[in-house]
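Data block for start-v3.pdb (PDB, C-alpha atoms, pLDDT in the B column):
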ATOM      1  CA  MET A  19      54.415 -31.352  41.098  1.00 88.00           C
ATOM      2  CA  THR A  20      53.776 -28.372  38.847  1.00 94.00           C
ATOM      3  CA  ALA A  21      54.227 -27.882  35.121  1.00 94.00           C
ATOM      4  CA  LYS A  22      55.025 -24.851  33.019  1.00 94.00           C
ATOM      5  CA  ILE A  23      52.162 -24.346  30.589  1.00 95.00           C
ATOM      6  CA  HIS A  24      52.385 -22.001  27.636  1.00 93.00           C
ATOM      7  CA  SER A  25      48.691 -21.779  26.825  1.00 93.00           C
ATOM      8  CA  ILE A  26      45.334 -23.582  26.884  1.00 96.00           C
ATOM      9  CA  GLU A  27      42.722 -24.043  24.178  1.00 96.00           C
ATOM     10  CA  SER A  28      39.398 -25.053  25.662  1.00 94.00           C
ATOM     11  CA  PHE A  29      37.596 -26.017  22.431  1.00 94.00           C
ATOM     12  CA  GLY A  30      40.257 -27.583  20.211  1.00 96.00           C
ATOM     13  CA  THR A  31      39.176 -29.485  17.101  1.00 96.00           C
ATOM     14  CA  VAL A  32      42.458 -30.367  15.354  1.00 95.00           C
ATOM     15  CA  ASP A  33      44.481 -32.187  18.032  1.00 96.00           C
ATOM     16  CA  GLY A  34      42.678 -35.499  18.277  1.00 97.00           C
ATOM     17  CA  PRO A  35      39.103 -36.701  17.802  1.00 97.00           C
ATOM     18  CA  GLY A  36      36.132 -34.566  18.788  1.00 97.00           C
ATOM     19  CA  ILE A  37      36.133 -31.347  20.794  1.00 98.00           C
ATOM     20  CA  ARG A  38      39.162 -31.294  23.071  1.00 98.00           C
ATOM     21  CA  PHE A  39      40.718 -29.399  25.946  1.00 98.00           C
ATOM     22  CA  VAL A  40      44.228 -28.801  24.590  1.00 98.00           C
ATOM     23  CA  THR A  41      47.169 -27.782  26.768  1.00 98.00           C
ATOM     24  CA  PHE A  42      50.386 -26.500  25.195  1.00 96.00           C
ATOM     25  CA  MET A  43      53.352 -27.284  27.432  1.00 95.00           C
ATOM     26  CA  GLN A  44      56.428 -25.069  27.723  1.00 95.00           C
ATOM     27  CA  GLY A  45      59.821 -26.328  26.543  1.00 95.00           C
ATOM     28  CA  CYS A  46      61.082 -28.323  23.551  1.00 95.00           C
ATOM     29  CA  PRO A  47      64.447 -29.958  22.726  1.00 94.00           C
ATOM     30  CA  LEU A  48      63.880 -29.610  18.961  1.00 96.00           C
ATOM     31  CA  ARG A  49      64.428 -26.501  16.858  1.00 96.00           C
ATOM     32  CA  CYS A  50      62.339 -27.284  13.816  1.00 95.00           C
ATOM     33  CA  GLN A  51      62.837 -24.827  10.985  1.00 95.00           C
ATOM     34  CA  PHE A  52      59.097 -24.764  10.323  1.00 93.00           C
ATOM     35  CA  CYS A  53      58.017 -24.427  13.962  1.00 94.00           C
ATOM     36  CA  HIS A  54      55.248 -21.866  14.394  1.00 90.00           C
ATOM     37  CA  ASN A  55      55.566 -21.771  18.196  1.00 90.00           C
ATOM     38  CA  PRO A  56      59.203 -20.778  18.924  1.00 92.00           C
ATOM     39  CA  ASP A  57      57.932 -19.103  22.087  1.00 91.00           C
ATOM     40  CA  THR A  58      57.450 -22.599  23.556  1.00 92.00           C
ATOM     41  CA  TRP A  59      61.081 -23.680  23.058  1.00 93.00           C
ATOM     42  CA  THR A  60      62.828 -22.733  26.289  1.00 88.00           C
ATOM     43  CA  PRO A  61      61.572 -24.300  29.525  1.00 85.00           C
ATOM     44  CA  GLN A  62      62.306 -20.962  31.205  1.00 76.00           C
ATOM     45  CA  GLY A  63      60.372 -19.063  28.534  1.00 62.00           C
ATOM     46  CA  PRO A  64      57.196 -17.062  29.096  1.00 63.00           C
ATOM     47  CA  CYS A  65      54.392 -19.276  30.381  1.00 70.00           C
ATOM     48  CA  ARG A  66      50.926 -18.218  31.336  1.00 80.00           C
ATOM     49  CA  TYR A  67      50.362 -20.880  33.956  1.00 89.00           C
ATOM     50  CA  GLU A  68      52.138 -23.070  36.468  1.00 93.00           C
ATOM     51  CA  MET A  69      49.695 -25.767  37.494  1.00 96.00           C
ATOM     52  CA  THR A  70      49.567 -29.116  39.271  1.00 98.00           C
ATOM     53  CA  PRO A  71      48.003 -32.110  37.506  1.00 98.00           C
ATOM     54  CA  THR A  72      44.954 -31.783  39.732  1.00 98.00           C
ATOM     55  CA  GLU A  73      44.550 -28.081  38.953  1.00 98.00           C
ATOM     56  CA  LEU A  74      44.738 -28.731  35.207  1.00 98.00           C
ATOM     57  CA  ARG A  75      42.299 -31.648  35.486  1.00 98.00           C
ATOM     58  CA  ASP A  76      39.897 -29.409  37.393  1.00 98.00           C
ATOM     59  CA  GLU A  77      40.208 -26.744  34.693  1.00 98.00           C
ATOM     60  CA  ALA A  78      39.487 -29.339  32.000  1.00 98.00           C
ATOM     61  CA  MET A  79      36.433 -30.563  33.899  1.00 98.00           C
ATOM     62  CA  ARG A  80      34.889 -27.100  33.641  1.00 98.00           C
ATOM     63  CA  TYR A  81      34.318 -27.991  29.992  1.00 98.00           C
ATOM     64  CA  TYR A  82      33.257 -31.581  30.579  1.00 98.00           C
ATOM     65  CA  ASN A  83      29.910 -31.274  28.802  1.00 97.00           C
ATOM     66  CA  TYR A  84      31.729 -30.163  25.654  1.00 97.00           C
ATOM     67  CA  ILE A  85      34.732 -32.527  25.750  1.00 98.00           C
ATOM     68  CA  ARG A  86      33.190 -35.684  27.187  1.00 96.00           C
ATOM     69  CA  LYS A  87      32.901 -37.190  23.677  1.00 96.00           C
ATOM     70  CA  GLY A  88      36.275 -35.744  22.672  1.00 98.00           C
ATOM     71  CA  GLY A  89      38.847 -35.543  25.447  1.00 98.00           C
ATOM     72  CA  VAL A  90      42.065 -33.831  26.498  1.00 98.00           C
ATOM     73  CA  THR A  91      45.311 -33.351  24.574  1.00 98.00           C
ATOM     74  CA  LEU A  92      48.789 -32.369  25.708  1.00 98.00           C
ATOM     75  CA  SER A  93      50.846 -30.629  23.049  1.00 97.00           C
ATOM     76  CA  GLY A  94      53.702 -28.188  23.076  1.00 90.00           C
ATOM     77  CA  GLY A  95      56.513 -27.594  22.922  1.00 92.00           C
ATOM     78  CA  GLU A  96      57.274 -31.164  23.908  1.00 97.00           C
ATOM     79  CA  PRO A  97      55.050 -32.514  26.709  1.00 97.00           C
ATOM     80  CA  LEU A  98      57.438 -35.346  27.594  1.00 97.00           C
ATOM     81  CA  LEU A  99      59.986 -32.844  28.913  1.00 96.00           C
ATOM     82  CA  GLN A 100      57.558 -32.825  31.859  1.00 96.00           C
ATOM     83  CA  ALA A 101      56.743 -36.529  31.687  1.00 97.00           C
ATOM     84  CA  GLY A 102      55.824 -37.004  35.338  1.00 97.00           C
ATOM     85  CA  PHE A 103      53.184 -34.328  35.015  1.00 98.00           C
ATOM     86  CA  VAL A 104      51.850 -35.923  31.814  1.00 98.00           C
ATOM     87  CA  ALA A 105      51.512 -39.318  33.483  1.00 98.00           C
ATOM     88  CA  GLU A 106      49.660 -37.992  36.518  1.00 98.00           C
ATOM     89  CA  TYR A 107      47.410 -35.608  34.567  1.00 98.00           C
ATOM     90  CA  PHE A 108      46.357 -38.354  32.169  1.00 98.00           C
ATOM     91  CA  ARG A 109      45.737 -40.734  35.086  1.00 98.00           C
ATOM     92  CA  LEU A 110      43.427 -38.185  36.694  1.00 98.00           C
ATOM     93  CA  CYS A 111      41.636 -37.587  33.390  1.00 98.00           C
ATOM     94  CA  HIS A 112      41.090 -41.334  32.988  1.00 98.00           C
ATOM     95  CA  GLU A 113      39.433 -41.377  36.388  1.00 98.00           C
ATOM     96  CA  GLU A 114      36.911 -38.919  34.917  1.00 98.00           C
ATOM     97  CA  GLY A 115      36.396 -41.080  31.827  1.00 98.00           C
ATOM     98  CA  LEU A 116      38.158 -38.636  29.504  1.00 98.00           C
ATOM     99  CA  HIS A 117      40.036 -39.742  26.379  1.00 98.00           C
ATOM    100  CA  THR A 118      43.717 -38.683  26.451  1.00 98.00           C
ATOM    101  CA  ALA A 119      45.963 -37.749  23.527  1.00 98.00           C
ATOM    102  CA  LEU A 120      49.670 -36.924  23.464  1.00 98.00           C
ATOM    103  CA  ASP A 121      51.203 -34.807  20.692  1.00 98.00           C
ATOM    104  CA  THR A 122      54.939 -35.570  20.629  1.00 98.00           C
ATOM    105  CA  SER A 123      58.044 -35.697  18.467  1.00 97.00           C
ATOM    106  CA  GLY A 124      59.032 -38.974  20.127  1.00 97.00           C
ATOM    107  CA  HIS A 125      62.517 -37.583  20.768  1.00 97.00           C
ATOM    108  CA  ILE A 126      62.422 -38.302  24.494  1.00 96.00           C
ATOM    109  CA  HIS A 127      62.520 -42.095  24.707  1.00 96.00           C
ATOM    110  CA  THR A 128      63.327 -42.807  28.352  1.00 95.00           C
ATOM    111  CA  PRO A 129      61.666 -45.100  30.910  1.00 94.00           C
ATOM    112  CA  HIS A 130      60.387 -42.013  32.725  1.00 92.00           C
ATOM    113  CA  ALA A 131      58.866 -40.593  29.551  1.00 94.00           C
ATOM    114  CA  LEU A 132      57.388 -43.903  28.441  1.00 95.00           C
ATOM    115  CA  GLU A 133      55.636 -44.253  31.801  1.00 94.00           C
ATOM    116  CA  ALA A 134      53.279 -41.525  30.557  1.00 95.00           C
ATOM    117  CA  LEU A 135      52.027 -43.914  27.876  1.00 97.00           C
ATOM    118  CA  ARG A 136      50.251 -46.054  30.501  1.00 96.00           C
ATOM    119  CA  HIS A 137      47.370 -43.583  30.508  1.00 97.00           C
ATOM    120  CA  THR A 138      47.611 -42.396  26.875  1.00 98.00           C
ATOM    121  CA  ASP A 139      44.776 -43.407  24.548  1.00 98.00           C
ATOM    122  CA  LEU A 140      46.164 -41.836  21.383  1.00 98.00           C
ATOM    123  CA  VAL A 141      49.557 -40.543  20.258  1.00 98.00           C
ATOM    124  CA  LEU A 142      49.910 -37.857  17.609  1.00 98.00           C
ATOM    125  CA  LEU A 143      53.466 -38.611  16.478  1.00 98.00           C
ATOM    126  CA  ASP A 144      55.286 -36.036  14.384  1.00 98.00           C
ATOM    127  CA  ILE A 145      57.583 -37.533  11.753  1.00 98.00           C
ATOM    128  CA  LYS A 146      59.417 -34.621  10.168  1.00 97.00           C
ATOM    129  CA  THR A 147      61.002 -36.594   7.313  1.00 97.00           C
ATOM    130  CA  MET A 148      62.274 -40.092   6.528  1.00 96.00           C
ATOM    131  CA  ASN A 149      65.487 -38.628   5.103  1.00 96.00           C
ATOM    132  CA  PRO A 150      68.075 -39.348   7.856  1.00 93.00           C
ATOM    133  CA  GLU A 151      70.424 -36.634   6.597  1.00 95.00           C
ATOM    134  CA  LEU A 152      67.735 -33.970   6.385  1.00 96.00           C
ATOM    135  CA  TYR A 153      66.121 -34.749   9.752  1.00 96.00           C
ATOM    136  CA  PRO A 154      68.868 -33.214  11.961  1.00 96.00           C
ATOM    137  CA  LYS A 155      69.109 -30.203   9.661  1.00 96.00           C
ATOM    138  CA  LEU A 156      65.386 -29.631  10.047  1.00 95.00           C
ATOM    139  CA  THR A 157      65.161 -30.250  13.787  1.00 96.00           C
ATOM    140  CA  GLY A 158      68.591 -29.967  15.389  1.00 96.00           C
ATOM    141  CA  VAL A 159      68.423 -33.572  16.678  1.00 96.00           C
ATOM    142  CA  PRO A 160      68.915 -37.043  15.132  1.00 94.00           C
ATOM    143  CA  GLN A 161      65.910 -39.156  14.156  1.00 95.00           C
ATOM    144  CA  ASP A 162      66.752 -42.372  16.043  1.00 94.00           C
ATOM    145  CA  ASN A 163      64.372 -41.867  18.972  1.00 96.00           C
ATOM    146  CA  ASN A 164      61.571 -40.654  16.716  1.00 96.00           C
ATOM    147  CA  LEU A 165      61.415 -44.034  14.978  1.00 96.00           C
ATOM    148  CA  ARG A 166      62.127 -45.990  18.189  1.00 97.00           C
ATOM    149  CA  PHE A 167      59.111 -44.278  19.711  1.00 98.00           C
ATOM    150  CA  LEU A 168      56.916 -45.557  16.896  1.00 98.00           C
ATOM    151  CA  ASP A 169      58.258 -49.065  17.503  1.00 98.00           C
ATOM    152  CA  THR A 170      57.332 -48.722  21.177  1.00 98.00           C
ATOM    153  CA  LEU A 171      53.807 -47.603  20.299  1.00 98.00           C
ATOM    154  CA  GLN A 172      53.462 -50.692  18.105  1.00 98.00           C
ATOM    155  CA  GLU A 173      54.715 -52.956  20.899  1.00 98.00           C
ATOM    156  CA  ARG A 174      52.240 -51.459  23.361  1.00 98.00           C
ATOM    157  CA  GLY A 175      49.325 -51.341  20.938  1.00 98.00           C
ATOM    158  CA  ILE A 176      48.672 -47.616  21.368  1.00 98.00           C
ATOM    159  CA  PRO A 177      46.594 -46.036  18.569  1.00 98.00           C
ATOM    160  CA  THR A 178      48.693 -43.539  16.632  1.00 98.00           C
ATOM    161  CA  TRP A 179      48.153 -40.749  14.127  1.00 98.00           C
ATOM    162  CA  ILE A 180      51.217 -39.701  12.158  1.00 98.00           C
ATOM    163  CA  ARG A 181      51.651 -35.990  11.544  1.00 98.00           C
ATOM    164  CA  HIS A 182      53.846 -34.759   8.689  1.00 98.00           C
ATOM    165  CA  VAL A 183      54.513 -31.141   7.767  1.00 97.00           C
ATOM    166  CA  VAL A 184      55.181 -30.670   4.053  1.00 98.00           C
ATOM    167  CA  VAL A 185      57.497 -27.732   3.276  1.00 97.00           C
ATOM    168  CA  PRO A 186      58.144 -26.649  -0.339  1.00 97.00           C
ATOM    169  CA  GLY A 187      61.780 -27.288  -1.249  1.00 94.00           C
ATOM    170  CA  LEU A 188      62.453 -29.319   1.904  1.00 95.00           C
ATOM    171  CA  THR A 189      60.019 -32.111   2.724  1.00 96.00           C
ATOM    172  CA  ASP A 190      57.920 -31.765  -0.425  1.00 97.00           C
ATOM    173  CA  ASN A 191      59.688 -34.647  -2.155  1.00 96.00           C
ATOM    174  CA  ASP A 192      57.807 -37.571  -3.708  1.00 97.00           C
ATOM    175  CA  GLU A 193      60.583 -40.079  -2.979  1.00 96.00           C
ATOM    176  CA  TRP A 194      60.738 -39.338   0.729  1.00 97.00           C
ATOM    177  CA  LEU A 195      56.986 -38.972   1.057  1.00 98.00           C
ATOM    178  CA  GLN A 196      56.619 -42.450  -0.418  1.00 97.00           C
ATOM    179  CA  ARG A 197      59.278 -43.781   1.960  1.00 97.00           C
ATOM    180  CA  LEU A 198      57.270 -42.360   4.826  1.00 98.00           C
ATOM    181  CA  GLY A 199      54.154 -44.090   3.530  1.00 98.00           C
ATOM    182  CA  GLU A 200      55.980 -47.394   3.083  1.00 98.00           C
ATOM    183  CA  HIS A 201      57.410 -47.156   6.594  1.00 98.00           C
ATOM    184  CA  ILE A 202      54.188 -46.410   8.455  1.00 98.00           C
ATOM    185  CA  ALA A 203      52.228 -48.946   6.408  1.00 98.00           C
ATOM    186  CA  LYS A 204      54.007 -51.664   8.429  1.00 97.00           C
ATOM    187  CA  TYR A 205      52.511 -50.485  11.723  1.00 98.00           C
ATOM    188  CA  ASP A 206      49.092 -51.775  12.727  1.00 98.00           C
ATOM    189  CA  VAL A 207      48.699 -49.068  15.385  1.00 98.00           C
ATOM    190  CA  VAL A 208      48.909 -46.257  12.839  1.00 98.00           C
ATOM    191  CA  GLU A 209      45.310 -45.338  12.083  1.00 98.00           C
ATOM    192  CA  LYS A 210      45.947 -42.464   9.707  1.00 97.00           C
ATOM    193  CA  ILE A 211      48.369 -39.805   8.552  1.00 98.00           C
ATOM    194  CA  GLU A 212      47.727 -36.089   8.794  1.00 98.00           C
ATOM    195  CA  ILE A 213      49.358 -34.084   6.005  1.00 98.00           C
ATOM    196  CA  LEU A 214      50.007 -30.601   7.364  1.00 97.00           C
ATOM    197  CA  PRO A 215      50.783 -27.992   4.691  1.00 97.00           C
ATOM    198  CA  TYR A 216      53.527 -25.548   5.676  1.00 96.00           C
ATOM    199  CA  HIS A 217      52.314 -22.031   6.470  1.00 94.00           C
ATOM    200  CA  THR A 218      53.926 -18.797   7.609  1.00 91.00           C
ATOM    201  CA  LEU A 219      51.432 -17.814  10.319  1.00 88.00           C
ATOM    202  CA  GLY A 220      54.072 -18.064  13.066  1.00 89.00           C
ATOM    203  CA  ALA A 221      56.750 -15.996  11.299  1.00 92.00           C
ATOM    204  CA  TYR A 222      55.918 -12.864  13.303  1.00 92.00           C
ATOM    205  CA  LYS A 223      56.857 -14.647  16.554  1.00 93.00           C
ATOM    206  CA  TYR A 224      60.482 -14.973  15.431  1.00 93.00           C
ATOM    207  CA  LYS A 225      60.658 -11.226  14.913  1.00 93.00           C
ATOM    208  CA  GLU A 226      59.158 -10.601  18.356  1.00 91.00           C
ATOM    209  CA  LEU A 227      61.760 -12.943  19.886  1.00 91.00           C
ATOM    210  CA  GLY A 228      64.620 -11.380  17.939  1.00 94.00           C
ATOM    211  CA  LEU A 229      65.261 -14.611  16.033  1.00 94.00           C
ATOM    212  CA  PRO A 230      65.934 -15.007  12.304  1.00 95.00           C
ATOM    213  CA  TYR A 231      63.152 -16.839  10.500  1.00 94.00           C
ATOM    214  CA  PRO A 232      64.802 -20.014   9.069  1.00 94.00           C
ATOM    215  CA  LEU A 233      62.426 -20.343   6.122  1.00 95.00           C
ATOM    216  CA  GLU A 234      62.320 -16.721   5.036  1.00 94.00           C
ATOM    217  CA  GLY A 235      60.999 -16.575   1.489  1.00 94.00           C
ATOM    218  CA  VAL A 236      59.595 -20.124   1.428  1.00 96.00           C
ATOM    219  CA  PRO A 237      55.976 -19.965   0.239  1.00 95.00           C
ATOM    220  CA  PRO A 238      53.139 -21.874   1.909  1.00 96.00           C
ATOM    221  CA  LEU A 239      52.279 -25.229   0.357  1.00 97.00           C
ATOM    222  CA  SER A 240      49.544 -24.741  -2.218  1.00 97.00           C
ATOM    223  CA  ALA A 241      46.111 -26.281  -1.836  1.00 97.00           C
ATOM    224  CA  GLY A 242      46.563 -28.113  -5.118  1.00 97.00           C
ATOM    225  CA  ARG A 243      49.856 -29.704  -4.083  1.00 98.00           C
ATOM    226  CA  THR A 244      48.409 -30.599  -0.680  1.00 98.00           C
ATOM    227  CA  LYS A 245      45.547 -32.443  -2.366  1.00 97.00           C
ATOM    228  CA  GLU A 246      47.988 -34.232  -4.667  1.00 98.00           C
ATOM    229  CA  ILE A 247      50.121 -35.415  -1.735  1.00 98.00           C
ATOM    230  CA  LYS A 248      47.085 -36.615   0.206  1.00 98.00           C
ATOM    231  CA  GLN A 249      45.968 -38.680  -2.771  1.00 97.00           C
ATOM    232  CA  MET A 250      49.453 -40.157  -3.141  1.00 97.00           C
ATOM    233  CA  MET A 251      49.727 -41.057   0.565  1.00 98.00           C
ATOM    234  CA  SER A 252      46.224 -42.543   0.792  1.00 98.00           C
ATOM    235  CA  LYS A 253      47.436 -45.854  -0.643  1.00 97.00           C
ATOM    236  CA  TYR A 254      49.444 -46.422   2.550  1.00 98.00           C
ATOM    237  CA  LYS A 255      47.058 -45.246   5.297  1.00 98.00           C
ATOM    238  CA  PRO A 256      43.873 -43.184   5.549  1.00 98.00           C
ATOM    239  CA  VAL A 257      44.808 -39.522   5.083  1.00 97.00           C
ATOM    240  CA  GLN A 258      43.465 -36.345   6.616  1.00 92.00           C
TER     241      GLN A 258
END

Transcribe the structure of this file into structure tokens.
Amino acid sequence: MTAKIHSIESFGTVDGPGIRFVTFMQGCPLRCQFCHNPDTWTPQGPCRYEMTPTELRDEAMRYYNYIRKGGVTLSGGEPLLQAGFVAEYFRLCHEEGLHTALDTSGHIHTPHALEALRHTDLVLLDIKTMNPELYPKLTGVPQDNNLRFLDTLQERGIPTWIRHVVVPGLTDNDEWLQRLGEHIAKYDVVEKIEILPYHTLGAYKYKELGLPYPLEGVPPLSAGRTKEIKQMMSKYKPVQ
């Protein structure tokens, strides 16, 4: 079993607790308008590595002294497109006593994909919006599985961090932000919400790929508005 891997970050600090060995998997079924990694979309796209679970575990263990109090994270793209690899890699990492985190959209809700949760210590679940009409416009897919995935995490008692990108003119809406807060407040497994301000750092990749940038002209979310949203959302869950 091998996986297509877009890139590796050996000292990650934003994809789970502590210092982490973060692997970005190739391939994603979503086409989020605010995605800053469009080069990870196609499974056949450019990948730097093709590795077995054992090879990736061995690479992670090179940094064990740094990540032993943090762990490993699989991000993307969408890791659950290669769910069998995720399950086996996390199993091997557990054998080494490493904490495992999965960054996912929750779109792939199949028995095969959910098998990967057996060895997942933390899920970073992206909820793009609670507006059911806006969600498919933002992502290209319906929201049903995204919310079903959160239900499954609750049923299995898997600690979860919710990630939410706030885009001016799209998801920067007090009504829908509050609906998100009200929704996740019902879930005991949700430990906190990460408010991620929209930025344009990935815009150049669209040009390199010959793709139009969907949010051309949309400014980054201001620091002041980000702080305001975090304060508003903090009444529902701890906010980062």

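Using only C-alpha atoms, the residues found no farther than 10 Å from A:His125, other than those of its own chain fewer than 6 positions away, are Cys46, Pro47, Leu48, Glu96, Leu98, Leu99, Ala131, Asp144, Val159, Pro160, Gln161, Asp162, Asn163, Asn164, Leu165, Arg166 and Phe167 of chain A.
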
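For stretch 149-152 of chain A, the residues within 10 Å (counting all atoms listed in the file, excluding itself and residues fewer than 4 positions away along the chain) are Leu156, Thr157, Gly158, Pro160, Gln161, Asp162, Leu188, Thr189, Glu193, Trp194, Leu195, Arg197 and Leu198 of chain A.
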
Selected by the PyMOL selection byres ((chain A and resi 227) around 12) in the shown coordinates: which residues, as a CSV table (one decimal) with C-alpha atoms, in the frame of the given file?
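Result file follows (out-v8.csv):
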chain,number,residue,atom,x,y,z
A,55,ASN,CA,55.6,-21.8,18.2
A,56,PRO,CA,59.2,-20.8,18.9
A,57,ASP,CA,57.9,-19.1,22.1
A,58,THR,CA,57.4,-22.6,23.6
A,59,TRP,CA,61.1,-23.7,23.1
A,60,THR,CA,62.8,-22.7,26.3
A,63,GLY,CA,60.4,-19.1,28.5
A,64,PRO,CA,57.2,-17.1,29.1
A,220,GLY,CA,54.1,-18.1,13.1
A,221,ALA,CA,56.8,-16.0,11.3
A,222,TYR,CA,55.9,-12.9,13.3
A,223,LYS,CA,56.9,-14.6,16.6
A,224,TYR,CA,60.5,-15.0,15.4
A,225,LYS,CA,60.7,-11.2,14.9
A,226,GLU,CA,59.2,-10.6,18.4
A,228,GLY,CA,64.6,-11.4,17.9
A,229,LEU,CA,65.3,-14.6,16.0
A,230,PRO,CA,65.9,-15.0,12.3
A,231,TYR,CA,63.2,-16.8,10.5

Residues in the PyMOL selection byres ((chain A and resi 90) around 10), expressed as a VMD selection string: chain A and resid 28 to 30 33 to 41 75 78 to 79 82 85 to 86 88 to 89 91 to 93 107 to 108 111 to 112 116 to 120

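One distance worth recording is that between atom CA of A:Gly45 and atom CA of A:Ile213, which is 24.3 Å.
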
For the structure provided, state which residues fall under the PyMOL selection byres ((chain A and resi 68) around 12), and present them as a compact mmCIF listing (two decimals) with C-alpha atoms, in the coordinates of the input.
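The resulting part-v3.txt:
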# COMPACT_ATOMS: atom_id res chain seq x y z
CA MET A 19 54.42 -31.35 41.10
CA THR A 20 53.78 -28.37 38.85
CA ALA A 21 54.23 -27.88 35.12
CA LYS A 22 55.02 -24.85 33.02
CA ILE A 23 52.16 -24.35 30.59
CA HIS A 24 52.38 -22.00 27.64
CA SER A 25 48.69 -21.78 26.82
CA ILE A 26 45.33 -23.58 26.88
CA THR A 41 47.17 -27.78 26.77
CA PHE A 42 50.39 -26.50 25.20
CA MET A 43 53.35 -27.28 27.43
CA GLN A 44 56.43 -25.07 27.72
CA PRO A 61 61.57 -24.30 29.52
CA GLN A 62 62.31 -20.96 31.20
CA PRO A 64 57.20 -17.06 29.10
CA CYS A 65 54.39 -19.28 30.38
CA ARG A 66 50.93 -18.22 31.34
CA TYR A 67 50.36 -20.88 33.96
CA MET A 69 49.70 -25.77 37.49
CA THR A 70 49.57 -29.12 39.27
CA PRO A 71 48.00 -32.11 37.51
CA THR A 72 44.95 -31.78 39.73
CA GLU A 73 44.55 -28.08 38.95
CA LEU A 74 44.74 -28.73 35.21
CA PHE A 103 53.18 -34.33 35.02

Considering only C-alpha atoms, state which residue in the set A:Gln51, A:Ser252, A:Asn191, A:Thr244 is at the smallest distance from A:Pro154. A:Gln51

Distance atom CA of A:Val207-atom CA of A:Trp179, one decimal place? 8.4 Å

What's the separation between atom CA of A:Arg174 and atom CA of A:Thr31, in Å to one decimal place?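 Atom-to-atom, atom CA of A:Arg174 to atom CA of A:Thr31, that is 26.3 Å.
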
Residue nearest A:Ser123 - candidates A:Gly102, A:Lys87, A:Arg109, A:Ile180, atoms counted: all atoms listed in the file: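 So, comparing all the options, the nearest one is A:Ile180.
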
Using only C-alpha atoms: which of A:Gly242, A:Gly95, A:Gly124, A:Gly235 has the shortest distance to A:Thr178: A:Gly124

So which one's closest to A:Met251, A:Leu142, A:Ile202, A:Ala101, A:Leu168? Using only C-alpha atoms, please.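 Selected residue with least distance to A:Met251: A:Ile202.
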
Give the padded box for stretch 231-237 of chain A as lines of an AutoDock Vina configuration file: axis-aligned, covering all atoms listed in the file, 6 Å on each side, centre and edge lengths in Å to one decimal.
center_x = 60.4
center_y = -18.5
center_z = 5.4
size_x = 20.8
size_y = 15.8
size_z = 22.3

Have a look at A:His201, A:Arg49, A:Lys253, A:His182 and name the one nearest to A:Thr147; count only C-alpha atoms.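 Of A:His201, A:Arg49, A:Lys253, A:His182, the one nearest A:Thr147 is A:His182, counting only C-alpha atoms.
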
Taking all atoms listed in the file into account, which of A:Glu200, A:Glu106, A:Asp206, A:Asp190 comes nearest A:Ser240?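 Closest residue, counting all atoms listed in the file: A:Asp190.
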